[in-house]
Amino acid sequence: MRDDRSDMELEKVIRASMKMADVPAPELNDKLKAALYQQEAVLRKQTATHKLSLWYLPMVMNVITFSLLALFALIMIENSYLSYFAAGICFYVGMAGILLTVAGVKRANLKEEITIRIEKRGALT
C-alpha cells in the first residue's frame, strides 16, 4: 500500500467533519419538546378503543339458519320433489336475507351504529 501524503488536506477535512458535534439550537429543542408534549396530551385525552362492526351478523345468522333448514328438508322429507322445493324456498329466503341486509345497511348507513367499541387496556390514561 502506498503512503500518499498529498491528500493530507482532505484527510484533515474528513477528521474535522467527524469531530463536529451538531447541537440544535435551544429554541428548536423547546419547540420539539412542546410539540411532543402536545401530541402526548392529545393521545391521553383520546380513549383507545377497538371497533368491532357487527352489521353482517344478522345476515350470517339468517344464512346459517336457512341452510340448516334446507339440509333438514332434504334429509327428512321423503318425496324428492317436495324436499327440493322446500330446500329451494329455504335457499331463496337465505339469499333474500343477504340482499335485504346489504340494502338496509347501505340505505340506512347502519355500519357505524351497529358497532361495538371495546376500550384497549394498557393505553395512555
# chains A, B, ... in the order shown; residues from 1 in each chain; ligands from 1
>>> select_by_dssp(residues="segment 33-114 of chain A", states="strand (DSSP E)", output="list in words")
Thr49, His50, Lys51, Leu52 and Ser53 of chain A
>>> write_last_selection(atoms="N, CA and C atoms", output="PDB file, in the first residue's frame")
ATOM      1  N   THR A  49     -59.819   2.802  21.748  1.00  0.00           N
ATOM      2  CA  THR A  49     -60.864   1.802  21.561  1.00  0.00           C
ATOM      3  C   THR A  49     -60.604   0.981  20.314  1.00  0.00           C
ATOM      4  N   HIS A  50     -61.157  -0.205  20.344  1.00  0.00           N
ATOM      5  CA  HIS A  50     -61.120  -1.100  19.188  1.00  0.00           C
ATOM      6  C   HIS A  50     -62.552  -1.262  18.718  1.00  0.00           C
ATOM      7  N   LYS A  51     -62.787  -1.044  17.434  1.00  0.00           N
ATOM      8  CA  LYS A  51     -64.142  -1.124  16.899  1.00  0.00           C
ATOM      9  C   LYS A  51     -64.385  -2.496  16.292  1.00  0.00           C
ATOM     10  N   LEU A  52     -65.518  -3.076  16.639  1.00  0.00           N
ATOM     11  CA  LEU A  52     -65.923  -4.366  16.102  1.00  0.00           C
ATOM     12  C   LEU A  52     -67.279  -4.186  15.436  1.00  0.00           C
ATOM     13  N   SER A  53     -67.286  -4.204  14.118  1.00  0.00           N
ATOM     14  CA  SER A  53     -68.509  -3.983  13.366  1.00  0.00           C
ATOM     15  C   SER A  53     -69.312  -5.276  13.300  1.00  0.00           C
TER      16      SER A  53
END
>>> select_by_dssp(residues="chain A", states="helix (DSSP H, G or I)", output="JSON list (two decimals) with N, CA and C atoms, in the first residue's frame")
[["chain", "number", "residue", "atom", "x", "y", "z"],
["A", 5, "ARG", "N", 1.08, 11.27, 0.91],
["A", 5, "ARG", "CA", 0.90, 12.41, 1.81],
["A", 5, "ARG", "C", 0.28, 13.62, 1.10],
["A", 6, "SER", "N", -0.07, 13.48, -0.17],
["A", 6, "SER", "CA", -0.63, 14.61, -0.89],
["A", 6, "SER", "C", -2.09, 14.86, -0.53],
["A", 7, "ASP", "N", -2.75, 13.87, 0.05],
["A", 7, "ASP", "CA", -4.15, 14.02, 0.42],
["A", 7, "ASP", "C", -4.30, 14.37, 1.90],
["A", 8, "MET", "N", -3.30, 15.00, 2.48],
["A", 8, "MET", "CA", -3.34, 15.34, 3.90],
["A", 8, "MET", "C", -4.44, 16.38, 4.19],
["A", 9, "GLU", "N", -4.63, 17.30, 3.26],
["A", 9, "GLU", "CA", -5.68, 18.31, 3.48],
["A", 9, "GLU", "C", -7.06, 17.65, 3.49],
["A", 10, "LEU", "N", -7.27, 16.74, 2.56],
["A", 10, "LEU", "CA", -8.54, 16.03, 2.51],
["A", 10, "LEU", "C", -8.74, 15.22, 3.78],
["A", 11, "GLU", "N", -7.70, 14.59, 4.24],
["A", 11, "GLU", "CA", -7.79, 13.80, 5.46],
["A", 11, "GLU", "C", -8.08, 14.70, 6.67],
["A", 12, "LYS", "N", -7.48, 15.88, 6.70],
["A", 12, "LYS", "CA", -7.76, 16.82, 7.80],
["A", 12, "LYS", "C", -9.23, 17.27, 7.78],
["A", 13, "VAL", "N", -9.75, 17.51, 6.58],
["A", 13, "VAL", "CA", -11.15, 17.93, 6.47],
["A", 13, "VAL", "C", -12.08, 16.81, 6.93],
["A", 14, "ILE", "N", -11.76, 15.59, 6.55],
["A", 14, "ILE", "CA", -12.58, 14.45, 6.95],
["A", 14, "ILE", "C", -12.55, 14.29, 8.46],
["A", 15, "ARG", "N", -11.38, 14.37, 9.05],
["A", 15, "ARG", "CA", -11.27, 14.23, 10.51],
["A", 15, "ARG", "C", -11.98, 15.37, 11.24],
["A", 16, "ALA", "N", -11.89, 16.57, 10.69],
["A", 16, "ALA", "CA", -12.57, 17.71, 11.31],
["A", 16, "ALA", "C", -14.09, 17.54, 11.23],
["A", 17, "SER", "N", -14.58, 17.02, 10.12],
["A", 17, "SER", "CA", -16.02, 16.84, 10.00],
["A", 17, "SER", "C", -16.51, 15.72, 10.91],
["A", 18, "MET", "N", -15.67, 14.74, 11.17],
["A", 18, "MET", "CA", -16.05, 13.66, 12.07],
["A", 18, "MET", "C", -16.09, 14.14, 13.52],
["A", 19, "LYS", "N", -15.29, 15.15, 13.84],
["A", 19, "LYS", "CA", -15.24, 15.65, 15.21],
["A", 19, "LYS", "C", -16.33, 16.68, 15.49],
["A", 26, "PRO", "N", -31.37, 25.92, 21.19],
["A", 26, "PRO", "CA", -32.31, 25.71, 22.29],
["A", 26, "PRO", "C", -33.76, 26.00, 21.91],
["A", 27, "GLU", "N", -33.98, 26.97, 21.01],
["A", 27, "GLU", "CA", -35.34, 27.29, 20.58],
["A", 27, "GLU", "C", -35.96, 26.10, 19.84],
["A", 28, "LEU", "N", -35.17, 25.48, 18.96],
["A", 28, "LEU", "CA", -35.66, 24.32, 18.21],
["A", 28, "LEU", "C", -35.95, 23.17, 19.16],
["A", 29, "ASN", "N", -35.08, 22.97, 20.12],
["A", 29, "ASN", "CA", -35.28, 21.92, 21.10],
["A", 29, "ASN", "C", -36.56, 22.15, 21.91],
["A", 30, "ASP", "N", -36.80, 23.40, 22.30],
["A", 30, "ASP", "CA", -38.01, 23.73, 23.05],
["A", 30, "ASP", "C", -39.27, 23.53, 22.20],
["A", 31, "LYS", "N", -39.21, 23.90, 20.93],
["A", 31, "LYS", "CA", -40.35, 23.71, 20.03],
["A", 31, "LYS", "C", -40.67, 22.23, 19.87],
["A", 32, "LEU", "N", -39.64, 21.41, 19.71],
["A", 32, "LEU", "CA", -39.85, 19.97, 19.56],
["A", 32, "LEU", "C", -40.43, 19.36, 20.82],
["A", 33, "LYS", "N", -39.94, 19.79, 21.97],
["A", 33, "LYS", "CA", -40.49, 19.28, 23.23],
["A", 33, "LYS", "C", -41.94, 19.69, 23.40],
["A", 34, "ALA", "N", -42.26, 20.94, 23.05],
["A", 34, "ALA", "CA", -43.65, 21.41, 23.17],
["A", 34, "ALA", "C", -44.57, 20.61, 22.25],
["A", 35, "ALA", "N", -44.13, 20.34, 21.01],
["A", 35, "ALA", "CA", -44.94, 19.55, 20.08],
["A", 35, "ALA", "C", -45.13, 18.13, 20.59],
["A", 36, "LEU", "N", -44.10, 17.57, 21.17],
["A", 36, "LEU", "CA", -44.18, 16.23, 21.72],
["A", 36, "LEU", "C", -45.14, 16.17, 22.89],
["A", 37, "TYR", "N", -45.06, 17.14, 23.80],
["A", 37, "TYR", "CA", -45.97, 17.17, 24.94],
["A", 37, "TYR", "C", -47.42, 17.39, 24.49],
["A", 38, "GLN", "N", -47.61, 18.21, 23.47],
["A", 38, "GLN", "CA", -48.95, 18.46, 22.96],
["A", 38, "GLN", "C", -49.54, 17.18, 22.35],
["A", 39, "GLN", "N", -48.73, 16.46, 21.59],
["A", 39, "GLN", "CA", -49.19, 15.21, 20.98],
["A", 39, "GLN", "C", -49.50, 14.18, 22.06],
["A", 40, "GLU", "N", -48.69, 14.13, 23.10],
["A", 40, "GLU", "CA", -48.94, 13.20, 24.20],
["A", 40, "GLU", "C", -50.23, 13.56, 24.93],
["A", 41, "ALA", "N", -50.50, 14.85, 25.10],
["A", 41, "ALA", "CA", -51.75, 15.27, 25.76],
["A", 41, "ALA", "C", -52.96, 14.88, 24.92],
["A", 42, "VAL", "N", -52.86, 15.00, 23.61],
["A", 42, "VAL", "CA", -53.97, 14.59, 22.73],
["A", 42, "VAL", "C", -54.19, 13.09, 22.83],
["A", 43, "LEU", "N", -53.12, 12.32, 22.87],
["A", 43, "LEU", "CA", -53.26, 10.86, 22.99],
["A", 43, "LEU", "C", -53.87, 10.47, 24.34],
["A", 44, "ARG", "N", -53.54, 11.19, 25.37],
["A", 44, "ARG", "CA", -54.12, 10.90, 26.69],
["A", 44, "ARG", "C", -55.61, 11.20, 26.73],
["A", 45, "LYS", "N", -56.03, 12.25, 26.01],
["A", 45, "LYS", "CA", -57.45, 12.61, 26.00],
["A", 45, "LYS", "C", -58.27, 11.62, 25.18],
["A", 57, "LEU", "N", -73.74, -9.68, 11.07],
["A", 57, "LEU", "CA", -74.18, -10.76, 11.95],
["A", 57, "LEU", "C", -75.61, -11.24, 11.65],
["A", 58, "PRO", "N", -76.61, -10.38, 11.45],
["A", 58, "PRO", "CA", -77.94, -10.89, 11.10],
["A", 58, "PRO", "C", -77.95, -11.67, 9.79],
["A", 59, "MET", "N", -77.16, -11.21, 8.83],
["A", 59, "MET", "CA", -77.10, -11.89, 7.54],
["A", 59, "MET", "C", -76.51, -13.29, 7.70],
["A", 60, "VAL", "N", -75.44, -13.40, 8.46],
["A", 60, "VAL", "CA", -74.79, -14.70, 8.66],
["A", 60, "VAL", "C", -75.71, -15.66, 9.41],
["A", 61, "MET", "N", -76.37, -15.15, 10.44],
["A", 61, "MET", "CA", -77.28, -16.00, 11.20],
["A", 61, "MET", "C", -78.46, -16.46, 10.33],
["A", 62, "ASN", "N", -78.96, -15.59, 9.47],
["A", 62, "ASN", "CA", -80.05, -15.94, 8.56],
["A", 62, "ASN", "C", -79.61, -17.04, 7.59],
["A", 63, "VAL", "N", -78.43, -16.89, 7.02],
["A", 63, "VAL", "CA", -77.94, -17.88, 6.07],
["A", 63, "VAL", "C", -77.72, -19.23, 6.75],
["A", 64, "ILE", "N", -77.14, -19.21, 7.94],
["A", 64, "ILE", "CA", -76.91, -20.47, 8.66],
["A", 64, "ILE", "C", -78.24, -21.15, 8.99],
["A", 65, "THR", "N", -79.18, -20.37, 9.49],
["A", 65, "THR", "CA", -80.48, -20.94, 9.87],
["A", 65, "THR", "C", -81.18, -21.58, 8.68],
["A", 66, "PHE", "N", -81.26, -20.86, 7.57],
["A", 66, "PHE", "CA", -81.99, -21.41, 6.43],
["A", 66, "PHE", "C", -81.20, -22.48, 5.69],
["A", 67, "SER", "N", -79.89, -22.47, 5.80],
["A", 67, "SER", "CA", -79.12, -23.58, 5.23],
["A", 67, "SER", "C", -79.38, -24.87, 6.02],
["A", 68, "LEU", "N", -79.44, -24.73, 7.33],
["A", 68, "LEU", "CA", -79.75, -25.91, 8.15],
["A", 68, "LEU", "C", -81.17, -26.40, 7.90],
["A", 69, "LEU", "N", -82.11, -25.47, 7.73],
["A", 69, "LEU", "CA", -83.48, -25.88, 7.41],
["A", 69, "LEU", "C", -83.55, -26.58, 6.06],
["A", 70, "ALA", "N", -82.79, -26.10, 5.08],
["A", 70, "ALA", "CA", -82.77, -26.74, 3.76],
["A", 70, "ALA", "C", -82.18, -28.14, 3.87],
["A", 71, "LEU", "N", -81.10, -28.28, 4.62],
["A", 71, "LEU", "CA", -80.49, -29.59, 4.82],
["A", 71, "LEU", "C", -81.46, -30.53, 5.54],
["A", 72, "PHE", "N", -82.14, -30.01, 6.54],
["A", 72, "PHE", "CA", -83.14, -30.81, 7.26],
["A", 72, "PHE", "C", -84.27, -31.24, 6.32],
["A", 73, "ALA", "N", -84.71, -30.34, 5.45],
["A", 73, "ALA", "CA", -85.77, -30.68, 4.49],
["A", 73, "ALA", "C", -85.30, -31.76, 3.52],
["A", 74, "LEU", "N", -84.06, -31.67, 3.05],
["A", 74, "LEU", "CA", -83.55, -32.68, 2.12],
["A", 74, "LEU", "C", -83.42, -34.04, 2.78],
["A", 75, "ILE", "N", -83.07, -34.05, 4.06],
["A", 75, "ILE", "CA", -82.87, -35.33, 4.75],
["A", 75, "ILE", "C", -84.20, -35.94, 5.19],
["A", 76, "MET", "N", -85.09, -35.13, 5.72],
["A", 76, "MET", "CA", -86.28, -35.66, 6.37],
["A", 76, "MET", "C", -87.48, -35.88, 5.44],
["A", 80, "SER", "N", -88.97, -36.54, -3.13],
["A", 80, "SER", "CA", -87.83, -35.76, -3.62],
["A", 80, "SER", "C", -88.24, -34.41, -4.18],
["A", 81, "TYR", "N", -89.37, -34.34, -4.88],
["A", 81, "TYR", "CA", -89.82, -33.05, -5.42],
["A", 81, "TYR", "C", -90.15, -32.06, -4.31],
["A", 82, "LEU", "N", -90.83, -32.57, -3.30],
["A", 82, "LEU", "CA", -91.21, -31.72, -2.18],
["A", 82, "LEU", "C", -89.99, -31.29, -1.37],
["A", 83, "SER", "N", -89.03, -32.20, -1.20],
["A", 83, "SER", "CA", -87.83, -31.85, -0.44],
["A", 83, "SER", "C", -87.00, -30.80, -1.19],
["A", 84, "TYR", "N", -86.88, -30.96, -2.52],
["A", 84, "TYR", "CA", -86.15, -29.95, -3.31],
["A", 84, "TYR", "C", -86.88, -28.61, -3.32],
["A", 85, "PHE", "N", -88.21, -28.66, -3.35],
["A", 85, "PHE", "CA", -89.00, -27.44, -3.31],
["A", 85, "PHE", "C", -88.79, -26.70, -1.98],
["A", 86, "ALA", "N", -88.84, -27.44, -0.86],
["A", 86, "ALA", "CA", -88.63, -26.83, 0.46],
["A", 86, "ALA", "C", -87.21, -26.30, 0.61],
["A", 87, "ALA", "N", -86.22, -27.07, 0.11],
["A", 87, "ALA", "CA", -84.83, -26.61, 0.16],
["A", 87, "ALA", "C", -84.64, -25.37, -0.71],
["A", 88, "GLY", "N", -85.31, -25.32, -1.85],
["A", 88, "GLY", "CA", -85.22, -24.15, -2.73],
["A", 88, "GLY", "C", -85.81, -22.92, -2.08],
["A", 89, "ILE", "N", -86.93, -23.10, -1.39],
["A", 89, "ILE", "CA", -87.52, -21.96, -0.67],
["A", 89, "ILE", "C", -86.57, -21.47, 0.42],
["A", 90, "CYS", "N", -85.97, -22.40, 1.15],
["A", 90, "CYS", "CA", -85.01, -22.02, 2.20],
["A", 90, "CYS", "C", -83.81, -21.30, 1.59],
["A", 91, "PHE", "N", -83.32, -21.79, 0.47],
["A", 91, "PHE", "CA", -82.20, -21.15, -0.21],
["A", 91, "PHE", "C", -82.59, -19.74, -0.66],
["A", 92, "TYR", "N", -83.79, -19.60, -1.20],
["A", 92, "TYR", "CA", -84.29, -18.30, -1.67],
["A", 92, "TYR", "C", -84.41, -17.32, -0.50],
["A", 93, "VAL", "N", -84.93, -17.76, 0.63],
["A", 93, "VAL", "CA", -85.09, -16.88, 1.79],
["A", 93, "VAL", "C", -83.72, -16.48, 2.34],
["A", 94, "GLY", "N", -82.76, -17.40, 2.32],
["A", 94, "GLY", "CA", -81.41, -17.07, 2.76],
["A", 94, "GLY", "C", -80.77, -16.01, 1.89],
["A", 95, "MET", "N", -80.91, -16.14, 0.57],
["A", 95, "MET", "CA", -80.36, -15.14, -0.36],
["A", 95, "MET", "C", -81.08, -13.79, -0.23],
["A", 96, "ALA", "N", -82.40, -13.86, 0.00],
["A", 96, "ALA", "CA", -83.17, -12.63, 0.21],
["A", 96, "ALA", "C", -82.71, -11.93, 1.48],
["A", 97, "GLY", "N", -82.37, -12.69, 2.50],
["A", 97, "GLY", "CA", -81.86, -12.11, 3.74],
["A", 97, "GLY", "C", -80.54, -11.40, 3.52],
["A", 98, "ILE", "N", -79.67, -11.98, 2.68],
["A", 98, "ILE", "CA", -78.41, -11.32, 2.35],
["A", 98, "ILE", "C", -78.68, -10.02, 1.63],
["A", 99, "LEU", "N", -79.54, -10.07, 0.64],
["A", 99, "LEU", "CA", -79.86, -8.88, -0.15],
["A", 99, "LEU", "C", -80.49, -7.79, 0.72],
["A", 100, "LEU", "N", -81.42, -8.17, 1.59],
["A", 100, "LEU", "CA", -82.06, -7.19, 2.46],
["A", 100, "LEU", "C", -81.08, -6.58, 3.46],
["A", 101, "THR", "N", -80.17, -7.37, 3.98],
["A", 101, "THR", "CA", -79.19, -6.85, 4.93],
["A", 101, "THR", "C", -78.26, -5.85, 4.25],
["A", 102, "VAL", "N", -77.77, -6.20, 3.08],
["A", 102, "VAL", "CA", -76.86, -5.29, 2.35],
["A", 102, "VAL", "C", -77.59, -4.02, 1.96],
["A", 103, "ALA", "N", -78.82, -4.14, 1.46],
["A", 103, "ALA", "CA", -79.59, -2.95, 1.08],
["A", 103, "ALA", "C", -79.92, -2.09, 2.29],
["A", 104, "GLY", "N", -80.27, -2.71, 3.39],
["A", 104, "GLY", "CA", -80.59, -1.95, 4.60],
["A", 104, "GLY", "C", -79.40, -1.22, 5.17],
["A", 105, "VAL", "N", -78.24, -1.87, 5.14],
["A", 105, "VAL", "CA", -77.03, -1.23, 5.65],
["A", 105, "VAL", "C", -76.64, -0.05, 4.77],
["A", 106, "LYS", "N", -76.72, -0.21, 3.45],
["A", 106, "LYS", "CA", -76.38, 0.88, 2.54],
["A", 106, "LYS", "C", -77.39, 2.01, 2.61],
["A", 107, "ARG", "N", -78.66, 1.66, 2.67],
["A", 107, "ARG", "CA", -79.72, 2.68, 2.65],
["A", 107, "ARG", "C", -79.76, 3.48, 3.95],
["A", 108, "ALA", "N", -79.64, 2.81, 5.07],
["A", 108, "ALA", "CA", -79.75, 3.48, 6.36],
["A", 108, "ALA", "C", -78.40, 3.85, 6.95]]
>>> atom_distance(atom1="atom CA of Ile116 of chain A", atom2="atom CA of Leu54 of chain A")
7.4 Å
